[in-house]
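Source file: entry39.cif; contents: mmCIF, C-alpha atoms.
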data_target
#
loop_
_atom_site.group_PDB
_atom_site.id
_atom_site.type_symbol
_atom_site.label_atom_id
_atom_site.label_comp_id
_atom_site.auth_asym_id
_atom_site.auth_seq_id
_atom_site.Cartn_x
_atom_site.Cartn_y
_atom_site.Cartn_z
ATOM 1 C CA MET A 30 91.980 105.547 81.867
ATOM 2 C CA ALA A 31 89.734 104.096 84.560
ATOM 3 C CA ASN A 32 87.588 105.283 87.442
ATOM 4 C CA VAL A 33 89.373 103.622 90.330
ATOM 5 C CA GLY A 34 88.840 103.586 94.078
ATOM 6 C CA PHE A 35 91.422 102.908 96.767
ATOM 7 C CA LEU A 36 90.851 102.240 100.474
ATOM 8 C CA GLY A 37 93.654 102.150 103.017
ATOM 9 C CA LEU A 38 96.542 104.588 102.596
ATOM 10 C CA GLY A 39 99.171 103.275 104.973
ATOM 11 C CA ILE A 40 102.739 102.114 104.348
ATOM 12 C CA MET A 41 101.644 99.942 101.427
ATOM 13 C CA GLY A 42 98.345 101.428 100.263
ATOM 14 C CA GLY A 43 99.513 105.030 100.076
ATOM 15 C CA PRO A 44 102.232 104.398 97.467
ATOM 16 C CA MET A 45 99.982 101.974 95.569
ATOM 17 C CA ALA A 46 97.266 104.600 95.249
ATOM 18 C CA GLN A 47 99.850 107.190 94.246
ATOM 19 C CA HIS A 48 100.986 105.020 91.331
ATOM 20 C CA LEU A 49 97.399 104.771 90.090
ATOM 21 C CA ILE A 50 97.063 108.562 90.290
ATOM 22 C CA ASP A 51 100.390 109.060 88.511
ATOM 23 C CA ALA A 52 99.226 106.707 85.748
ATOM 24 C CA GLY A 53 96.428 109.165 84.995
ATOM 25 C CA HIS A 54 93.447 107.311 86.436
ATOM 26 C CA THR A 55 90.650 109.137 88.215
ATOM 27 C CA VAL A 56 90.991 107.859 91.778
ATOM 28 C CA ALA A 57 88.530 108.079 94.685
ATOM 29 C CA LEU A 58 90.316 107.723 98.023
ATOM 30 C CA TRP A 59 89.405 106.771 101.567
ATOM 31 C CA SER A 60 91.540 106.135 104.632
ATOM 32 C CA PHE A 61 90.940 105.384 108.280
ATOM 33 C CA THR A 62 93.028 108.546 108.800
ATOM 34 C CA ALA A 63 91.161 111.219 106.808
ATOM 35 C CA ASP A 64 94.082 113.596 106.295
ATOM 36 C CA LYS A 65 95.988 110.907 104.367
ATOM 37 C CA ALA A 66 93.253 110.898 101.744
ATOM 38 C CA ASP A 67 93.152 114.701 101.654
ATOM 39 C CA LYS A 68 96.906 114.983 101.106
ATOM 40 C CA LEU A 69 96.995 112.308 98.423
ATOM 41 C CA ALA A 70 94.008 113.790 96.622
ATOM 42 C CA ALA A 71 95.997 116.951 96.060
ATOM 43 C CA THR A 72 98.588 115.111 93.946
ATOM 44 C CA GLY A 73 96.507 114.451 90.830
ATOM 45 C CA LYS A 74 93.104 113.402 89.497
ATOM 46 C CA ALA A 75 91.886 112.194 92.867
ATOM 47 C CA THR A 76 89.088 112.847 95.334
ATOM 48 C CA ALA A 77 89.011 112.219 99.089
ATOM 49 C CA CYS A 78 85.789 110.511 100.191
ATOM 50 C CA LYS A 79 84.128 110.362 103.590
ATOM 51 C CA THR A 80 83.179 106.676 103.499
ATOM 52 C CA PRO A 81 84.049 103.518 101.549
ATOM 53 C CA ALA A 82 80.488 103.606 100.166
ATOM 54 C CA ASP A 83 81.212 107.037 98.673
ATOM 55 C CA VAL A 84 84.277 105.577 96.970
ATOM 56 C CA ALA A 85 82.121 102.815 95.483
ATOM 57 C CA ALA A 86 79.647 105.330 94.089
ATOM 58 C CA GLN A 87 82.440 106.891 91.997
ATOM 59 C CA SER A 88 84.387 103.801 90.940
ATOM 60 C CA ASP A 89 84.264 100.886 88.529
ATOM 61 C CA VAL A 90 87.249 99.109 90.089
ATOM 62 C CA ILE A 91 88.164 99.405 93.775
ATOM 63 C CA PHE A 92 91.351 98.278 95.498
ATOM 64 C CA LEU A 93 91.803 98.087 99.235
ATOM 65 C CA CYS A 94 94.836 97.417 101.398
ATOM 66 C CA VAL A 95 94.001 97.392 105.099
ATOM 67 C CA GLY A 96 95.427 95.804 108.217
ATOM 68 C CA ASP A 97 93.382 92.752 109.092
ATOM 69 C CA THR A 98 90.326 90.626 108.376
ATOM 70 C CA GLU A 99 87.862 92.687 110.417
ATOM 71 C CA MET A 100 89.000 95.937 108.791
ATOM 72 C CA SER A 101 88.548 94.356 105.375
ATOM 73 C CA ARG A 102 85.090 92.996 106.186
ATOM 74 C CA GLU A 103 83.938 96.361 107.575
ATOM 75 C CA CYS A 104 85.281 98.314 104.588
ATOM 76 C CA ILE A 105 83.526 95.986 102.153
ATOM 77 C CA LEU A 106 80.351 94.809 103.901
ATOM 78 C CA GLY A 107 79.863 97.289 106.762
ATOM 79 C CA ALA A 108 77.114 99.872 107.211
ATOM 80 C CA GLU A 109 79.237 102.397 105.264
ATOM 81 C CA GLY A 110 81.046 99.736 103.232
ATOM 82 C CA LEU A 111 81.565 99.367 99.508
ATOM 83 C CA ILE A 112 78.599 97.042 99.099
ATOM 84 C CA GLN A 113 76.188 99.840 100.018
ATOM 85 C CA LYS A 114 76.776 101.869 96.825
ATOM 86 C CA ALA A 115 78.709 99.575 94.479
ATOM 87 C CA LYS A 116 76.953 99.059 91.148
ATOM 88 C CA PRO A 117 76.472 95.580 89.648
ATOM 89 C CA GLY A 118 79.571 94.838 87.583
ATOM 90 C CA THR A 119 81.889 96.720 89.945
ATOM 91 C CA ILE A 120 85.137 94.883 90.656
ATOM 92 C CA ILE A 121 86.559 94.899 94.187
ATOM 93 C CA VAL A 122 90.168 93.784 94.674
ATOM 94 C CA ASP A 123 91.320 93.124 98.230
ATOM 95 C CA CYS A 124 95.103 93.478 98.466
ATOM 96 C CA SER A 125 95.010 93.000 102.249
ATOM 97 C CA THR A 126 96.452 89.877 103.859
ATOM 98 C CA VAL A 127 93.415 88.378 105.571
ATOM 99 C CA SER A 128 91.780 85.054 106.371
ATOM 100 C CA PRO A 129 91.259 83.014 103.168
ATOM 101 C CA SER A 130 88.016 81.500 104.450
ATOM 102 C CA ALA A 131 86.644 84.902 105.501
ATOM 103 C CA SER A 132 87.647 86.381 102.137
ATOM 104 C CA LYS A 133 85.756 83.658 100.277
ATOM 105 C CA LYS A 134 82.640 84.420 102.310
ATOM 106 C CA ILE A 135 82.980 88.127 101.478
ATOM 107 C CA GLY A 136 83.228 87.230 97.793
ATOM 108 C CA THR A 137 80.082 85.103 97.996
ATOM 109 C CA THR A 138 78.149 87.983 99.589
ATOM 110 C CA LEU A 139 79.334 90.380 96.883
ATOM 111 C CA ALA A 140 78.479 87.938 94.093
ATOM 112 C CA ALA A 141 74.851 87.919 95.253
ATOM 113 C CA LYS A 142 74.810 91.659 94.450
ATOM 114 C CA GLY A 143 76.451 91.201 91.042
ATOM 115 C CA ILE A 144 79.816 92.518 92.269
ATOM 116 C CA GLU A 145 83.051 90.807 91.178
ATOM 117 C CA PHE A 146 85.792 90.114 93.734
ATOM 118 C CA LEU A 147 89.474 89.159 93.695
ATOM 119 C CA ASP A 148 91.807 88.424 96.584
ATOM 120 C CA ALA A 149 95.159 89.875 95.585
ATOM 121 C CA PRO A 150 97.577 90.166 98.519
ATOM 122 C CA VAL A 151 100.952 91.712 97.819
ATOM 123 C CA THR A 152 104.554 91.210 98.824
ATOM 124 C CA GLY A 153 107.481 93.547 98.400
ATOM 125 C CA SER A 154 107.189 95.623 101.559
ATOM 126 C CA LYS A 155 107.492 99.419 101.702
ATOM 127 C CA VAL A 156 110.263 99.701 99.119
ATOM 128 C CA GLY A 157 108.361 97.582 96.603
ATOM 129 C CA ALA A 158 105.226 99.670 97.070
ATOM 130 C CA GLU A 159 107.096 102.937 96.658
ATOM 131 C CA ASN A 160 108.940 101.760 93.551
ATOM 132 C CA GLY A 161 105.934 100.114 91.901
ATOM 133 C CA LYS A 162 107.614 96.719 92.080
ATOM 134 C CA LEU A 163 105.183 94.729 94.181
ATOM 135 C CA THR A 164 104.312 91.101 93.578
ATOM 136 C CA PHE A 165 100.595 90.237 93.457
ATOM 137 C CA MET A 166 99.208 86.766 94.179
ATOM 138 C CA VAL A 167 95.646 86.660 92.886
ATOM 139 C CA GLY A 168 92.648 84.404 93.437
ATOM 140 C CA GLY A 169 89.272 84.641 91.692
ATOM 141 C CA LYS A 170 87.947 84.526 88.151
ATOM 142 C CA LYS A 171 90.727 84.367 85.556
ATOM 143 C CA GLU A 172 88.865 86.659 83.142
ATOM 144 C CA ILE A 173 88.586 89.368 85.817
ATOM 145 C CA PHE A 174 92.286 89.024 86.621
ATOM 146 C CA ASP A 175 93.147 89.367 82.929
ATOM 147 C CA LYS A 176 90.926 92.436 82.593
ATOM 148 C CA LEU A 177 92.698 94.219 85.448
ATOM 149 C CA GLU A 178 96.262 93.346 84.455
ATOM 150 C CA PRO A 179 97.069 96.916 83.287
ATOM 151 C CA LEU A 180 95.983 98.322 86.664
ATOM 152 C CA PHE A 181 98.022 95.735 88.557
ATOM 153 C CA LYS A 182 101.021 96.641 86.400
ATOM 154 C CA ASN A 183 100.704 100.276 87.499
ATOM 155 C CA MET A 184 101.564 99.119 91.020
ATOM 156 C CA GLY A 185 103.705 96.005 90.601
ATOM 157 C CA GLU A 186 105.882 93.997 88.261
ATOM 158 C CA LEU A 187 105.153 90.351 89.089
ATOM 159 C CA LEU A 188 101.626 88.952 88.805
ATOM 160 C CA TYR A 189 100.756 85.394 89.795
ATOM 161 C CA TYR A 190 97.306 84.043 89.054
ATOM 162 C CA CYS A 191 96.924 81.361 91.732
ATOM 163 C CA GLY A 192 93.458 79.994 90.979
ATOM 164 C CA SER A 193 89.979 80.281 92.429
ATOM 165 C CA ALA A 194 88.823 82.499 95.301
ATOM 166 C CA GLY A 195 91.159 82.448 98.296
ATOM 167 C CA MET A 196 94.111 80.964 96.415
ATOM 168 C CA GLY A 197 96.002 84.263 96.278
ATOM 169 C CA LEU A 198 95.755 84.517 100.053
ATOM 170 C CA ASN A 199 96.809 80.912 100.569
ATOM 171 C CA ALA A 200 99.908 81.524 98.447
ATOM 172 C CA LYS A 201 100.783 84.807 100.198
ATOM 173 C CA LEU A 202 100.369 83.355 103.667
ATOM 174 C CA SER A 203 102.434 80.294 102.757
ATOM 175 C CA GLN A 204 105.236 82.631 101.709
ATOM 176 C CA ASN A 205 105.013 84.577 104.961
ATOM 177 C CA MET A 206 104.961 81.287 106.856
ATOM 178 C CA VAL A 207 108.445 80.574 105.503
ATOM 179 C CA LEU A 208 109.570 84.153 106.104
ATOM 180 C CA GLY A 209 108.462 84.180 109.757
ATOM 181 C CA SER A 210 110.204 80.945 110.630
ATOM 182 C CA LEU A 211 113.331 81.972 108.704
ATOM 183 C CA LEU A 212 113.389 85.187 110.739
ATOM 184 C CA GLN A 213 113.185 83.244 113.987
ATOM 185 C CA ALA A 214 115.986 80.897 112.919
ATOM 186 C CA PHE A 215 118.179 83.882 112.042
ATOM 187 C CA ASN A 216 117.432 85.647 115.331
ATOM 188 C CA GLU A 217 118.381 82.571 117.339
ATOM 189 C CA SER A 218 121.522 81.766 115.374
ATOM 190 C CA MET A 219 122.835 85.331 115.305
ATOM 191 C CA VAL A 220 122.275 85.959 119.012
ATOM 192 C CA LEU A 221 123.982 82.657 119.809
ATOM 193 C CA ALA A 222 126.922 83.463 117.514
ATOM 194 C CA VAL A 223 127.440 86.917 119.013
ATOM 195 C CA LYS A 224 127.101 85.659 122.590
ATOM 196 C CA SER A 225 129.738 83.055 121.713
ATOM 197 C CA GLY A 226 132.080 85.827 120.519
ATOM 198 C CA VAL A 227 131.652 85.663 116.730
ATOM 199 C CA ASP A 228 131.595 89.034 114.952
ATOM 200 C CA PRO A 229 128.078 89.486 113.458
ATOM 201 C CA GLU A 230 129.307 90.930 110.164
ATOM 202 C CA LEU A 231 131.690 87.988 109.762
ATOM 203 C CA MET A 232 128.806 85.644 110.549
ATOM 204 C CA LEU A 233 126.657 87.272 107.869
ATOM 205 C CA ASP A 234 129.465 86.939 105.331
ATOM 206 C CA ILE A 235 129.695 83.252 106.148
ATOM 207 C CA LEU A 236 125.927 82.838 105.739
ATOM 208 C CA ASN A 237 125.977 84.729 102.446
ATOM 209 C CA ASN A 238 128.559 82.312 101.079
ATOM 210 C CA SER A 239 126.950 79.106 102.263
ATOM 211 C CA ALA A 240 123.893 76.959 101.619
ATOM 212 C CA ALA A 241 122.138 79.057 104.303
ATOM 213 C CA LYS A 242 122.249 82.178 102.119
ATOM 214 C CA SER A 243 118.984 84.145 102.044
ATOM 215 C CA THR A 244 118.203 87.391 100.243
ATOM 216 C CA PHE A 245 115.758 88.156 103.053
ATOM 217 C CA ILE A 246 118.442 87.803 105.735
ATOM 218 C CA SER A 247 120.972 89.687 103.612
ATOM 219 C CA ALA A 248 118.559 92.623 103.501
ATOM 220 C CA LYS A 249 117.494 92.577 107.164
ATOM 221 C CA ALA A 250 120.826 91.870 108.884
ATOM 222 C CA PRO A 251 122.423 95.263 108.094
ATOM 223 C CA MET A 252 119.388 96.987 109.667
ATOM 224 C CA ILE A 253 120.007 95.018 112.856
ATOM 225 C CA PHE A 254 123.726 95.735 112.837
ATOM 226 C CA ARG A 255 123.100 99.501 112.672
ATOM 227 C CA ARG A 256 120.128 99.252 115.072
ATOM 228 C CA ASP A 257 117.696 100.708 112.538
ATOM 229 C CA PHE A 258 114.211 99.273 113.037
ATOM 230 C CA THR A 259 112.322 101.760 110.873
ATOM 231 C CA THR A 260 109.155 99.971 109.803
ATOM 232 C CA ASN A 261 108.921 98.390 106.384
ATOM 233 C CA PHE A 262 106.836 95.431 107.576
ATOM 234 C CA SER A 263 105.930 95.457 111.250
ATOM 235 C CA VAL A 264 106.261 92.708 113.831
ATOM 236 C CA LYS A 265 102.541 92.930 114.635
ATOM 237 C CA TRP A 266 101.472 92.362 111.028
ATOM 238 C CA LEU A 267 103.812 89.394 110.550
ATOM 239 C CA GLU A 268 102.459 87.872 113.765
ATOM 240 C CA LYS A 269 98.950 88.402 112.406
ATOM 241 C CA ASP A 270 99.850 86.626 109.159
ATOM 242 C CA MET A 271 101.458 83.710 110.989
ATOM 243 C CA GLN A 272 98.343 83.276 113.126
ATOM 244 C CA LEU A 273 96.225 83.276 109.972
ATOM 245 C CA MET A 274 98.322 80.398 108.678
ATOM 246 C CA LEU A 275 97.873 78.512 111.938
ATOM 247 C CA ASP A 276 94.124 79.040 111.609
ATOM 248 C CA SER A 277 94.213 77.794 108.024
ATOM 249 C CA ALA A 278 96.345 74.799 109.038
ATOM 250 C CA ALA A 279 93.816 73.939 111.753
ATOM 251 C CA GLU A 280 90.933 74.166 109.267
ATOM 252 C CA GLN A 281 92.722 71.685 106.991
ATOM 253 C CA ASN A 282 94.183 69.493 109.732
ATOM 254 C CA VAL A 283 97.799 70.227 108.772
ATOM 255 C CA PRO A 284 100.412 70.236 111.587
ATOM 256 C CA ALA A 285 102.494 73.436 111.720
ATOM 257 C CA PRO A 286 104.716 73.207 114.819
ATOM 258 C CA ILE A 287 107.527 75.473 113.607
ATOM 259 C CA THR A 288 105.027 78.156 112.629
ATOM 260 C CA ALA A 289 103.421 77.887 116.073
ATOM 261 C CA VAL A 290 106.715 78.527 117.889
ATOM 262 C CA SER A 291 107.692 81.372 115.547
ATOM 263 C CA THR A 292 104.291 82.980 116.071
ATOM 264 C CA GLN A 293 104.645 82.809 119.851
ATOM 265 C CA MET A 294 108.082 84.439 119.686
ATOM 266 C CA LEU A 295 106.698 87.268 117.560
ATOM 267 C CA ARG A 296 103.839 87.638 120.053
ATOM 268 C CA ALA A 297 106.361 87.841 122.884
ATOM 269 C CA ALA A 298 108.225 90.573 120.986
ATOM 270 C CA ILE A 299 104.951 92.490 120.689
ATOM 271 C CA ALA A 300 104.367 92.082 124.437
ATOM 272 C CA ARG A 301 107.860 93.469 124.973
ATOM 273 C CA GLY A 302 106.876 96.642 123.101
ATOM 274 C CA TYR A 303 108.384 95.938 119.683
ATOM 275 C CA GLY A 304 105.164 95.350 117.731
ATOM 276 C CA GLU A 305 105.163 98.562 115.701
ATOM 277 C CA ASP A 306 108.798 98.223 114.626
ATOM 278 C CA ASP A 307 110.154 96.457 111.578
ATOM 279 C CA ILE A 308 110.310 92.679 111.815
ATOM 280 C CA ALA A 309 114.097 93.005 112.048
ATOM 281 C CA GLY A 310 113.495 94.469 115.501
ATOM 282 C CA SER A 311 112.056 91.186 116.770
ATOM 283 C CA ILE A 312 115.635 90.059 117.504
ATOM 284 C CA ARG A 313 115.605 92.349 120.542
ATOM 285 C CA LEU A 314 113.452 89.875 122.441
ATOM 286 C CA LEU A 315 116.268 87.310 122.445
ATOM 287 C CA GLU A 316 118.838 90.057 122.970
ATOM 288 C CA ASP A 317 116.973 91.180 126.081
ATOM 289 C CA LEU A 318 116.681 87.634 127.394
ATOM 290 C CA THR A 319 120.374 86.854 126.859
ATOM 291 C CA GLY A 320 122.000 90.203 127.603
ATOM 292 C CA THR A 321 123.430 90.304 124.092
ATOM 293 C CA GLN A 322 123.271 92.934 121.365
ATOM 294 C CA VAL A 323 123.830 92.142 117.709
ATOM 295 C CA LYS A 324 125.468 95.257 116.262
ATOM 296 C CA ALA A 325 128.361 96.360 114.083
ATOM 297 C CA LYS A 326 131.640 97.088 115.855
ATOM 298 C CA SER A 327 131.937 100.515 114.229
#
Can I see the file as structure tokens?
Amino acid sequence: MANVGFLGLGIMGGPMAQHLIDAGHTVALWSFTADKADKLAATGKATACKTPADVAAQSDVIFLCVGDTEMSRECILGAEGLIQKAKPGTIIVDCSTVSPSASKKIGTTLAAKGIEFLDAPVTGSKVGAENGKLTFMVGGKKEIFDKLEPLFKNMGELLYYCGSAGMGLNAKLSQNMVLGSLLQAFNESMVLAVKSGVDPELMLDILNNSAAKSTFISAKAPMIFRRDFTTNFSVKWLEKDMQLMLDSAAEQNVPAPITAVSTQMLRAAIARGYGEDDIAGSIRLLEDLTGTQVKAKS
């Protein structure tokens, strides 16, 4: 069993930390919302800490899963961040989806203190986190990845070692790049079909039995039909990921026109008030604009 730390106890991080506790590890916890750490600490061999630095003082391996690049940087390098009390040889694993270039800089700063670092963003959404079936895409030293495989397996079932620092993030963001544009294509096509008079459930059946079949769409469409936009992966976080890919594309001089349009449509959905809802709820932007609602007949 290991002395593990975990920062960030939201939709994804909370279940991930719970799996580590259930596996019997001694876990030090911290959250931006203190009562989340207190409640989780009561479920096993876990302690709620006041700062990320306090987590580092108690841990040999620390995972974090927070919302964006600035949150990650502050948790790791801030005045009360992990770097303040982490011992040389400590391993920090950032499961957040953040800027690859910023993550590499964080890793360089940690290396100067003798602290190991992996970028290890996850996919699988809320259900995958709760069921311990996440997919990890990991960048950093291969020997550190191999050493932590048992801990990763406590939280997920698919592990991809992608290469050097930042490669896990590049892989994760490339996946979300496809997902975001696929979502936009579905939103447009389904609103158009319904406005034209096609039954949405019939349209989905056609899609599911054609070359346009997508497991992602097959999962999200029923949520739309029953008007259930309970958050598994929010519009605001997908928009954030798409913008990160546009930033990365700009750094490498790669055109990404479809991603740019999809990002703007997600941003418009956020402006409309749908940012906290599940990404399936982004369809309401086009519904509002066209006076159409994509829903089941009964």
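The closest residue to Glu280 in chain A, picked from A:Ala115, A:Pro129, A:Met100, A:Leu180 and counting all atoms listed in the file, is A:Pro129.
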Inset, instruction - Write out as number ranges by chain which residues come within 9 Å of Asp89 in chain A when counting all atoms listed in the file, dropping same-chain ones fewer than 2 positions away. - result: A: 31-34, 85-87, 91, 115-116, 118-121
Inset, instruction - Select all residues near (84.4, 107.4, 105.6) (cut-off 9 Å, inclusive, file coordinates), counting all atoms listed in the file, and output them as a ChimeraX atom specification. - result: /A:59-61,63,78-84,109-110
Inset, instruction - Provide the CA of Gly107 in chain A to CA of Ala200 in chain A distance in Å, to one decimal place. - result: 26.8 Å
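Taking all atoms listed in the file into account, Ala325 in chain A lies nearest to A:Glu230 out of the set A:Arg296, A:Lys265, A:Phe245, A:Glu230.
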Can you list what the PyMOL selection byres ((chain A and resi 256) around 10) grabs from this structure, as a PDB file with C-alpha atoms, in the coordinates of the input?
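Done, and the output landed in result21.pdb:
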ATOM      1  CA  ALA A 250     120.826  91.870 108.884  1.00  0.00           C
ATOM      2  CA  PRO A 251     122.423  95.263 108.094  1.00  0.00           C
ATOM      3  CA  MET A 252     119.388  96.987 109.667  1.00  0.00           C
ATOM      4  CA  ILE A 253     120.007  95.018 112.856  1.00  0.00           C
ATOM      5  CA  PHE A 254     123.726  95.735 112.837  1.00  0.00           C
ATOM      6  CA  ARG A 255     123.100  99.501 112.672  1.00  0.00           C
ATOM      7  CA  ASP A 257     117.696 100.708 112.538  1.00  0.00           C
ATOM      8  CA  PHE A 258     114.211  99.273 113.037  1.00  0.00           C
ATOM      9  CA  THR A 259     112.322 101.760 110.873  1.00  0.00           C
ATOM     10  CA  ALA A 309     114.097  93.005 112.048  1.00  0.00           C
ATOM     11  CA  GLY A 310     113.495  94.469 115.501  1.00  0.00           C
ATOM     12  CA  ARG A 313     115.605  92.349 120.542  1.00  0.00           C
ATOM     13  CA  GLN A 322     123.271  92.934 121.365  1.00  0.00           C
ATOM     14  CA  VAL A 323     123.830  92.142 117.709  1.00  0.00           C
ATOM     15  CA  LYS A 324     125.468  95.257 116.262  1.00  0.00           C
ATOM     16  CA  ALA A 325     128.361  96.360 114.083  1.00  0.00           C
TER      17      ALA A 325
END
Inset, instruction - Excluding Trp266 in chain A and residues on its chain fewer than 4 positions from it, collect all residues at most 8 Å away from it, counting only C-alpha atoms, and give them as an MDAnalysis selection string. - result: chainID A and resid 96 262 270
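Among the candidates A:Ile144, A:Leu273, A:Ala214, A:Ile112, the one nearest to Lys201 in chain A when counting all atoms listed in the file is A:Leu273.
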Inset, instruction - Find the residues around range 167-175 of chain A up to 7 Å (only C-alpha atoms counted), leave out those fewer than 6 positions away in its own chain, and share them as a ChimeraX atom specification. - result: /A:146-150,189-197
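From CA of Met274 in chain A back to CA of Leu221 in chain A, the distance works out to 28.1 Å.
Evaluated against the shown file, the PyMOL selection byres ((chain A and resi 45) around 8) gives Met41, Gly42, Gly43, Pro44, Ala46, Gln47, His48, Leu49, Ala158, Glu159, Gly161 and Met184 of chain A.
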Inset, instruction - Using CA of Glu99 in chain A and CA of Lys269 in chain A as the two end points, give the distance in Å to one decimal. - result: 12.1 Å
Test item: residues at most 7 Å from range 282-291 of chain A, only C-alpha atoms, excluding those fewer than 5 positions along its chain, as an mmCIF file with C-alpha atoms, in the coordinates of the input:
data_model
loop_
_atom_site.group_PDB
_atom_site.id
_atom_site.type_symbol
_atom_site.label_atom_id
_atom_site.label_comp_id
_atom_site.auth_asym_id
_atom_site.auth_seq_id
_atom_site.Cartn_x
_atom_site.Cartn_y
_atom_site.Cartn_z
ATOM 1 C CA MET A 206 104.961 81.287 106.856
ATOM 2 C CA GLY A 209 108.462 84.180 109.757
ATOM 3 C CA SER A 210 110.204 80.945 110.630
ATOM 4 C CA GLN A 213 113.185 83.244 113.987
ATOM 5 C CA MET A 271 101.458 83.710 110.989
ATOM 6 C CA LEU A 275 97.873 78.512 111.938
#
Output of the PyMOL selection byres ((chain A and resi 55) around 7), listed as a PDB file with C-alpha atoms, in the coordinates of the input:
ATOM      1  CA  ALA A  31      89.734 104.096  84.560  1.00  0.00           C
ATOM      2  CA  ASN A  32      87.588 105.283  87.442  1.00  0.00           C
ATOM      3  CA  VAL A  33      89.373 103.622  90.330  1.00  0.00           C
ATOM      4  CA  ILE A  50      97.063 108.562  90.290  1.00  0.00           C
ATOM      5  CA  GLY A  53      96.428 109.165  84.995  1.00  0.00           C
ATOM      6  CA  HIS A  54      93.447 107.311  86.436  1.00  0.00           C
ATOM      7  CA  VAL A  56      90.991 107.859  91.778  1.00  0.00           C
ATOM      8  CA  ALA A  57      88.530 108.079  94.685  1.00  0.00           C
ATOM      9  CA  LYS A  74      93.104 113.402  89.497  1.00  0.00           C
ATOM     10  CA  ALA A  75      91.886 112.194  92.867  1.00  0.00           C
TER      11      ALA A  75
END
